[in-house]
$ cat structure.cif   # mmCIF, C-alpha atoms
data_model
loop_
_atom_site.label_atom_id
_atom_site.label_comp_id
_atom_site.auth_asym_id
_atom_site.auth_seq_id
_atom_site.Cartn_x
_atom_site.Cartn_y
_atom_site.Cartn_z
CA MET A 272 25.97 49.72 -40.86
CA ASP A 273 25.15 46.44 -42.55
CA ILE A 274 28.20 44.26 -43.18
CA ASN A 275 27.85 41.00 -45.06
CA LEU A 276 29.94 38.23 -43.55
CA ASP A 277 30.13 34.77 -45.05
CA ASN A 278 30.76 31.52 -43.20
CA THR A 279 34.54 31.79 -43.61
CA ASP A 280 34.55 35.32 -42.15
CA LEU A 281 32.52 34.07 -39.19
CA GLN A 282 34.91 31.15 -38.65
CA ILE A 283 37.88 33.55 -38.71
CA LEU A 284 36.18 35.77 -36.14
CA ASP A 285 35.37 32.80 -33.93
CA LEU A 286 38.96 31.53 -34.00
CA MET A 287 40.50 34.96 -33.49
CA GLN A 288 38.15 35.79 -30.66
CA ALA A 289 39.15 32.59 -28.87
CA ASN A 290 42.84 33.37 -29.41
CA ALA A 291 43.82 36.79 -30.75
CA ARG A 292 47.42 35.57 -30.99
CA ILE A 293 46.59 32.77 -33.43
CA SER A 294 49.05 32.87 -36.29
CA ASN A 295 48.00 33.32 -39.88
CA ALA A 296 49.40 29.86 -40.65
CA ASP A 297 47.31 28.28 -37.88
CA LEU A 298 44.19 30.11 -39.08
CA ALA A 299 44.83 28.85 -42.60
CA ARG A 300 45.33 25.30 -41.34
CA GLU A 301 42.10 25.41 -39.27
CA LEU A 302 40.12 26.74 -42.24
CA ASN A 303 41.84 24.57 -44.84
CA MET A 304 42.79 27.67 -46.84
CA ALA A 305 45.94 29.25 -48.22
CA PRO A 306 47.67 31.60 -45.74
CA SER A 307 47.58 34.45 -48.28
CA ALA A 308 43.80 34.11 -48.66
CA VAL A 309 43.30 34.14 -44.89
CA LEU A 310 45.56 37.17 -44.48
CA GLU A 311 43.59 39.03 -47.16
CA ARG A 312 40.30 38.23 -45.39
CA VAL A 313 41.63 39.36 -42.00
CA LYS A 314 42.85 42.63 -43.51
CA LYS A 315 39.40 43.20 -45.08
CA LEU A 316 37.72 42.50 -41.71
CA GLU A 317 40.01 45.11 -40.16
CA GLN A 318 39.31 47.64 -42.94
CA LYS A 319 35.54 47.14 -42.55
CA LYS A 320 35.96 47.72 -38.78
CA VAL A 321 34.60 44.25 -37.99
CA ILE A 322 37.85 43.57 -36.13
CA THR A 323 38.45 46.77 -34.19
CA GLN A 324 41.23 45.84 -31.79
CA TYR A 325 43.49 43.08 -30.48
CA ASN A 326 43.67 42.84 -26.68
CA ALA A 327 45.37 41.06 -23.83
CA GLN A 328 42.93 40.23 -21.06
CA ILE A 329 44.56 41.20 -17.76
CA ASN A 330 43.48 40.04 -14.31
CA PRO A 331 42.35 43.28 -12.59
CA THR A 332 43.52 42.05 -9.18
CA ALA A 333 47.06 41.64 -10.52
CA VAL A 334 47.19 45.38 -11.21
CA GLN A 335 45.48 46.40 -7.96
CA GLN A 336 42.10 47.11 -9.56
CA LYS A 337 40.15 45.12 -6.98
CA LEU A 338 36.94 47.15 -6.83
CA LEU A 339 34.38 47.01 -9.63
CA ALA A 340 31.42 49.38 -9.55
CA PHE A 341 28.56 50.36 -11.82
CA ILE A 342 27.36 53.94 -11.56
CA PHE A 343 24.01 55.14 -12.83
CA ILE A 344 24.18 58.81 -13.78
CA ARG A 345 21.29 61.19 -14.21
CA THR A 346 21.90 64.52 -15.93
CA SER A 347 20.10 67.77 -15.22
CA VAL A 348 19.13 68.29 -18.85
CA GLY A 349 18.20 64.72 -19.81
CA PHE A 350 19.29 63.47 -23.19
CA ALA A 351 20.12 66.99 -24.48
CA CYS A 352 23.69 66.99 -23.12
CA CYS A 353 24.53 63.39 -23.87
CA THR A 354 27.36 63.96 -26.32
CA ASP A 355 29.35 66.30 -24.08
CA THR A 356 28.74 64.26 -20.94
CA SER A 357 29.53 60.95 -22.60
CA GLU A 358 32.77 62.38 -24.00
CA LEU A 359 33.84 63.66 -20.59
CA LEU A 360 32.97 60.34 -18.92
CA SER A 361 34.93 58.48 -21.61
CA GLN A 362 38.05 60.50 -20.83
CA ILE A 363 38.27 59.20 -17.25
CA PRO A 364 40.85 56.37 -17.30
CA GLU A 365 39.12 54.28 -14.62
CA VAL A 366 35.86 54.28 -16.60
CA GLN A 367 35.87 51.12 -18.69
CA GLU A 368 32.44 51.46 -20.30
CA VAL A 369 29.97 54.28 -20.93
CA HIS A 370 26.42 53.40 -21.97
CA HIS A 371 23.47 55.66 -22.83
CA ILE A 372 20.50 53.94 -21.23
CA ALA A 373 16.72 54.16 -21.31
CA GLY A 374 14.80 54.90 -18.13
CA GLU A 375 15.18 57.45 -15.37
CA ASP A 376 18.96 57.61 -15.63
CA CYS A 377 20.91 58.77 -18.67
CA PHE A 378 24.13 56.77 -18.37
CA LEU A 379 25.50 53.59 -16.88
CA ILE A 380 29.26 53.47 -16.46
CA LYS A 381 31.55 50.63 -15.42
CA VAL A 382 34.46 51.65 -13.20
CA ARG A 383 37.47 49.72 -11.87
CA VAL A 384 39.55 51.16 -9.05
CA ALA A 385 41.80 49.92 -6.25
CA ASP A 386 39.38 50.29 -3.34
CA SER A 387 36.43 52.22 -1.93
CA ALA A 388 38.63 55.22 -1.09
CA SER A 389 39.73 55.37 -4.73
CA LEU A 390 36.11 55.18 -5.85
CA MET A 391 35.18 58.04 -3.54
CA GLU A 392 38.10 60.09 -4.84
CA LEU A 393 37.05 59.45 -8.44
CA MET A 394 33.51 60.56 -7.68
CA ARG A 395 34.62 63.66 -5.74
CA SER A 396 37.34 64.82 -8.09
CA GLN A 397 36.28 63.62 -11.54
CA LEU A 398 32.52 63.06 -11.71
CA LYS A 399 31.80 66.16 -9.65
CA ASN A 400 33.55 68.31 -12.26
CA ILE A 401 31.39 67.13 -15.15
CA PRO A 402 28.69 69.71 -15.84
CA ASN A 403 25.05 68.60 -15.87
CA ILE A 404 25.47 65.52 -13.65
CA ALA A 405 22.49 65.83 -11.33
CA SER A 406 22.82 62.57 -9.40
CA THR A 407 24.54 59.20 -9.26
CA LYS A 408 23.66 55.77 -7.87
CA THR A 409 26.57 53.43 -7.31
CA THR A 410 26.46 49.65 -7.11
CA ILE A 411 29.61 47.94 -5.85
CA VAL A 412 30.22 44.41 -7.11
CA LEU A 413 30.89 41.87 -4.36
CA GLU A 414 31.75 38.96 -6.64
CA THR A 415 31.93 38.49 -10.39
CA VAL A 416 30.50 35.19 -11.55
CA LYS A 417 30.93 35.82 -15.28
CA GLU A 418 32.54 38.62 -17.22
CA GLN A 419 33.43 38.36 -20.87
CA GLN A 420 33.91 40.50 -23.92
CA GLN A 421 33.51 37.67 -26.41
CA LEU A 422 30.47 37.81 -28.66
CA VAL A 423 28.41 34.86 -29.78
CA ILE A 424 29.48 34.39 -33.41
CA PRO A 425 26.55 33.12 -35.48
CA LYS A 426 26.92 30.00 -37.60
CA LYS A 427 25.72 30.11 -41.19
#
$ encode --input "structure.cif" --output "structure tokens"
Amino acid sequence: MDINLDNTDLQILDLMQANARISNADLARELNMAPSAVLERVKKLEQKKVITQYNAQINPTAVQQKLLAFIFIRTSVGFACCTDTSELLSQIPEVQEVHHIAGEDCFLIKVRVADSASLMELMRSQLKNIPNIASTKTTIVLETVKEQQQLVIPKK
């Protein structure tokens, strides 16, 4: 999917990524544009699926999600079952990310849970029930130095 974005679109994305709650009036003021023109551009960015969601970033510790783990998953049939397995992994609420990866393993998932007992329960009750999972390797994060969802918006 090739989407053409001009400099104004990129500026809008940069401002909205820094503050998703920025008002249309503030966007217009920052860009030196009419509010109606900015609103039209934002709506087009949403329609083109450039802007896919608006989020609040929540401190995981505040909601008792203190343990972060990455789990490498190898399937018994390699890449052949990827669609079914990825769909089942995606349905687990504690799984924040599912990635198809190159190499010996088929998937890398990011999981947030309360503690190691919760992680073990997730693996025993949820991952175990997914067909074709042959093995897992789990890495528990001791400290997060940097974690962000923001993308680097190119300048034109």
$ closest_atom_pairs --input "structure.cif" --of "region 276-386 of chain A" --to "region 411-422 of chain A" --cutoff "9 Å" --atoms "only C-alpha atoms" --output "tab-separated table"
residue	atom	partner	partner_atom	distance
A:Asp285	CA	A:Leu422	CA	8.8
A:Gln288	CA	A:Gln421	CA	6.6
A:Ala289	CA	A:Gln421	CA	8.0
A:Leu338	CA	A:Val412	CA	7.3
A:Leu339	CA	A:Val412	CA	5.5
A:Ala340	CA	A:Ile411	CA	4.4
A:Phe341	CA	A:Ile411	CA	6.5
A:Ile342	CA	A:Ile411	CA	8.6
$ closest_residue --input "structure.cif" --among "A:Leu398, A:Asp376, A:Lys427, A:Asp273" --to "Lys320 (chain A)" --atoms "all atoms listed in the file"
A:Asp273
$ residues_around --input "structure.cif" --residues "region 295-301 of chain A" --least-positions-apart "6" --cutoff "9 Å" --atoms "all atoms listed in the file" --output "PyMOL selection string"
chain A and resi 283+286-287+307-310
$ closest_residue --input "structure.cif" --among "A:Ala385, A:Leu393, A:Leu316, A:Ile344" --to "Ile363 (chain A)" --atoms "only C-alpha atoms"
A:Leu393
$ atom_distance --input "structure.cif" --atom1 "CA of Gln362 (chain A)" --atom2 "CA of Glu375 (chain A)"
23.7 Å
$ atom_distance --input "structure.cif" --atom1 "CA of Ile401 (chain A)" --atom2 "CA of Glu365 (chain A)"
15.0 Å
$ residues_around --input "structure.cif" --residues "region 369-374 of chain A" --least-positions-apart "2" --cutoff "12 Å" --atoms "only C-alpha atoms" --output "mmCIF file with C-alpha atoms, keeping the file's coordinate frame"
data_model
loop_
_atom_site.group_PDB
_atom_site.id
_atom_site.type_symbol
_atom_site.label_atom_id
_atom_site.label_comp_id
_atom_site.auth_asym_id
_atom_site.auth_seq_id
_atom_site.Cartn_x
_atom_site.Cartn_y
_atom_site.Cartn_z
ATOM 1 C CA PHE A 341 28.560 50.360 -11.820
ATOM 2 C CA ILE A 342 27.360 53.940 -11.560
ATOM 3 C CA PHE A 343 24.010 55.140 -12.830
ATOM 4 C CA ILE A 344 24.180 58.810 -13.780
ATOM 5 C CA ARG A 345 21.290 61.190 -14.210
ATOM 6 C CA THR A 346 21.900 64.520 -15.930
ATOM 7 C CA GLY A 349 18.200 64.720 -19.810
ATOM 8 C CA PHE A 350 19.290 63.470 -23.190
ATOM 9 C CA ALA A 351 20.120 66.990 -24.480
ATOM 10 C CA CYS A 352 23.690 66.990 -23.120
ATOM 11 C CA CYS A 353 24.530 63.390 -23.870
ATOM 12 C CA THR A 354 27.360 63.960 -26.320
ATOM 13 C CA THR A 356 28.740 64.260 -20.940
ATOM 14 C CA SER A 357 29.530 60.950 -22.600
ATOM 15 C CA GLU A 358 32.770 62.380 -24.000
ATOM 16 C CA LEU A 359 33.840 63.660 -20.590
ATOM 17 C CA LEU A 360 32.970 60.340 -18.920
ATOM 18 C CA SER A 361 34.930 58.480 -21.610
ATOM 19 C CA GLN A 362 38.050 60.500 -20.830
ATOM 20 C CA ILE A 363 38.270 59.200 -17.250
ATOM 21 C CA PRO A 364 40.850 56.370 -17.300
ATOM 22 C CA GLU A 365 39.120 54.280 -14.620
ATOM 23 C CA VAL A 366 35.860 54.280 -16.600
ATOM 24 C CA GLN A 367 35.870 51.120 -18.690
ATOM 25 C CA ASP A 376 18.960 57.610 -15.630
ATOM 26 C CA CYS A 377 20.910 58.770 -18.670
ATOM 27 C CA PHE A 378 24.130 56.770 -18.370
ATOM 28 C CA LEU A 379 25.500 53.590 -16.880
ATOM 29 C CA ILE A 380 29.260 53.470 -16.460
ATOM 30 C CA LYS A 381 31.550 50.630 -15.420
ATOM 31 C CA VAL A 382 34.460 51.650 -13.200
#
$ atom_distance --input "structure.cif" --atom1 "CA of Glu311 (chain A)" --atom2 "CA of Ala327 (chain A)"
23.5 Å
$ closest_residue --input "structure.cif" --among "A:Val384, A:Val334, A:Leu284, A:Ala405" --to "Ile322 (chain A)" --atoms "all atoms listed in the file"
A:Leu284
$ resolve_selection --input "structure.cif" --expression "the PyMOL selection byres ((chain A and resi 319) around 12)" --output "ChimeraX atom specification"
/A:272-276,280,312-318,320-323
$ closest_residue --input "structure.cif" --among "A:Gln282, A:Asn290, A:Thr410, A:Ser389" --to "Gln336 (chain A)" --atoms "all atoms listed in the file"
A:Ser389
$ resolve_selection --input "structure.cif" --expression "the PyMOL selection byres ((chain A and resi 426) around 8)" --output "PDB file with C-alpha atoms, in the coordinates of the input"
ATOM      1  CA  ASN A 278      30.760  31.520 -43.200  1.00  0.00           C
ATOM      2  CA  LEU A 281      32.520  34.070 -39.190  1.00  0.00           C
ATOM      3  CA  ILE A 424      29.480  34.390 -33.410  1.00  0.00           C
ATOM      4  CA  PRO A 425      26.550  33.120 -35.480  1.00  0.00           C
ATOM      5  CA  LYS A 427      25.720  30.110 -41.190  1.00  0.00           C
TER       6      LYS A 427
END
